[in-house]
Structures are given as C-alpha cells and as structure tokens.
Amino acid sequence: HISSVCCEAVTSGLDKFSRNLEKYPQLQELENKFGVPKLYIVGGGAGVLLLVLFFGFGAGMLCNLVGFIYPAYMSFKAIESEGSDDDTQWLTYWVVYACFNMLEVFVDTILFWVPFYFAFKFGFLVWCFLPNTQGAAFLYHHFLAPFLRKHESRIDSTLEHARENSGGFVSELSQAATDLGSKAVAKGVEYKMNQQQ
C-alpha cells in the first residue's frame with residue numbers, strides 16, 4: 001500500500017514536471033529532432049551536470065560560470081527595465097557573491113578536501129540568485145547588512161586611508177617602471193652599439 005502511494009506521488013510529480021517543460025519550445029525542438037521525450041532530455045542533462053559536479057575536473061569552472069552568466073544577464077535586464085526592484089535584487093546578489101568569493105579565497109585549501117564541495121557550491125549559488133528563493137536577500141538582510149553596519153565607520157576610514165596613500169604608491173610605482181624602462185632601453189642601445197663595433 002505504501003509503495004503504491006509513493007509510486008502515485010512520483011508519477012504525479014513527473015507528470016506535473018513534464019507539463020511545465022511544455023513552456024520551453026527549445027525542448028520540443030530537441031524532442032522532435034532526436035525522438036527522445038523532453039523529460040528524458042532534461043533528466044539526462046541533469047545527470048551529466050551532477051556527474052560533472054561530483055566527479056568532474058570542470059566543476060569549479062562550471063560553478064563560476066553559473067555564478068556569473070545568468071546573474072550577469074539578469075543584471076543587464078534589470079538595468080534596462082523601468083522598475084528598481086530587480087536592480088536591488090541583483091545588487092544584493094553581487095554583494096553576497098563578492099563576500100562569498102572573498103571568504104572562499106581564504107578557506108579554499110580546506111574546501112578542496114570537502115567531498116562534493118562543488119555540488120554544494122552550485123546549489124548555494126542557484127539558491128542565492130533564483131527569484132523565488134531570494135537566498136542572497138536572506139543572507140544580506142540577516143548577516144551581511146548587520147555586519148557591515150556595525151563596522152561601517154572602520155571600513156570607511158580604512159578605505160579613505162588606502163585612497164590617500166595609493167596616490168603616492170602609484171606615483172612611486174610609475175616612477176620605478178619608468179626608471180626600469182629607461183635603464184632597459186639604455187642597456188639595449190649599449191648592447192647594440194657594442195655589437196656594431
């Protein structure tokens with residue numbers, strides 16, 4: 001009795017999912033071209049994606065692409081749209097994504113050894129940017145915004161100090177590069193003249 005209820009629930013879910021796939025004409029074209037039902041095409045694609053995430057060498061690159069491509073395109077659409085609600089959604093995503101990347105840089109060597117890390121990262125990024133989950137907004141409002149508000153004056157003073165001191169550093173770096181370039185040109189001319197003698 002329990003197994004028949006489970007089978008009915010799974011069948012009902014798959015039927016509903018199949019009906020949702022009707023919204024995508026590209027899947028219909030693939031079905032017509034290859035003679036494979038849309039549900040199997042999506043299932044196969046999802047299976048390949050999971051294999052790459054769990055065992056593939058390109059999992060890190062795939063996660064970075066997912067974290068960039070769709071959000072970047074949706075940010076473009078938000079900028080081009082009239083309202084500002086979607087602008088806020090995507091700005092929030094990019095703030096969360098930047099903080100996540102900064103954190104990831106420092107713990108990367110540890111995370112490398114976590115089994116299925118890229119599968120979790122993939123799920124996390126999708127959770128962050130999907131409009132119906134609004135994961136980035138949740139993280140921003142519950143964690144990032146309170147942290148940044150608490151430390152805002154210290155961050156501002158550090159940035160101002162860096163801005164004031166960077167002018168001198170850039171000037172010194174530019175002068176050093178110019179001096180190095182001049183010395184290299186002089187050595188090259190001297191070498192050429194010695195060869196001609």
# chains A, B, ... in the order shown; residues from 1 in each chain; ligands from 1

$ residues_around --residues "Leu14 in chain A" --least-positions-apart "5" --cutoff "9 Å" --atoms "only C-alpha atoms" --output "list in words"
Ala9, Arg19 and Leu39 of chain A

$ write_last_selection --atoms "N, CA, C and O atoms" --output "mmCIF file, in the first residue's frame"
data_model
loop_
_atom_site.group_PDB
_atom_site.id
_atom_site.type_symbol
_atom_site.label_atom_id
_atom_site.label_comp_id
_atom_site.auth_asym_id
_atom_site.auth_seq_id
_atom_site.Cartn_x
_atom_site.Cartn_y
_atom_site.Cartn_z
ATOM 1 N N ALA A 9 2.655 9.236 -6.161
ATOM 2 C CA ALA A 9 3.196 10.575 -5.898
ATOM 3 C C ALA A 9 4.311 10.909 -6.884
ATOM 4 O O ALA A 9 4.370 12.024 -7.416
ATOM 5 N N ARG A 19 4.564 18.624 -17.811
ATOM 6 C CA ARG A 19 3.696 19.699 -18.300
ATOM 7 C C ARG A 19 4.416 21.050 -18.223
ATOM 8 O O ARG A 19 4.252 21.893 -19.101
ATOM 9 N N LEU A 39 11.321 15.012 -21.024
ATOM 10 C CA LEU A 39 11.639 14.631 -19.649
ATOM 11 C C LEU A 39 12.967 13.883 -19.595
ATOM 12 O O LEU A 39 13.792 14.114 -18.708
#

$ atom_distance --atom1 "CA of Leu125 in chain A" --atom2 "CA of Leu21 in chain A"
22.9 Å

$ residues_around --residues "range 87-96 of chain A" --least-positions-apart "2" --cutoff "8 Å" --atoms "only C-alpha atoms" --output "list of chain:residue names"
A:Pro71, A:Met74, A:Ser75, A:Ala78, A:Ile79, A:Gly83, A:Ser84, A:Asp85, A:Ala98, A:Cys99, A:Phe100, A:Cys128, A:Phe129, A:Gln134, A:Ala136, A:Ala137, A:Leu139, A:Tyr140, A:Leu144

$ select_by_dssp --residues "range 15-125 of chain A" --states "helix (DSSP H, G or I)" --output "ChimeraX atom specification"
/A:15-21,25-34,38-55,59-80,85-111,117-125

$ residues_around --residues "range 47-63 of chain A" --least-positions-apart "2" --cutoff "9 Å" --atoms "only C-alpha atoms" --output "ChimeraX atom specification"
/A:42-45,65-68,115-122,125

$ atom_distance --atom1 "CA of Phe106 in chain A" --atom2 "CA of Gly135 in chain A"
22.3 Å
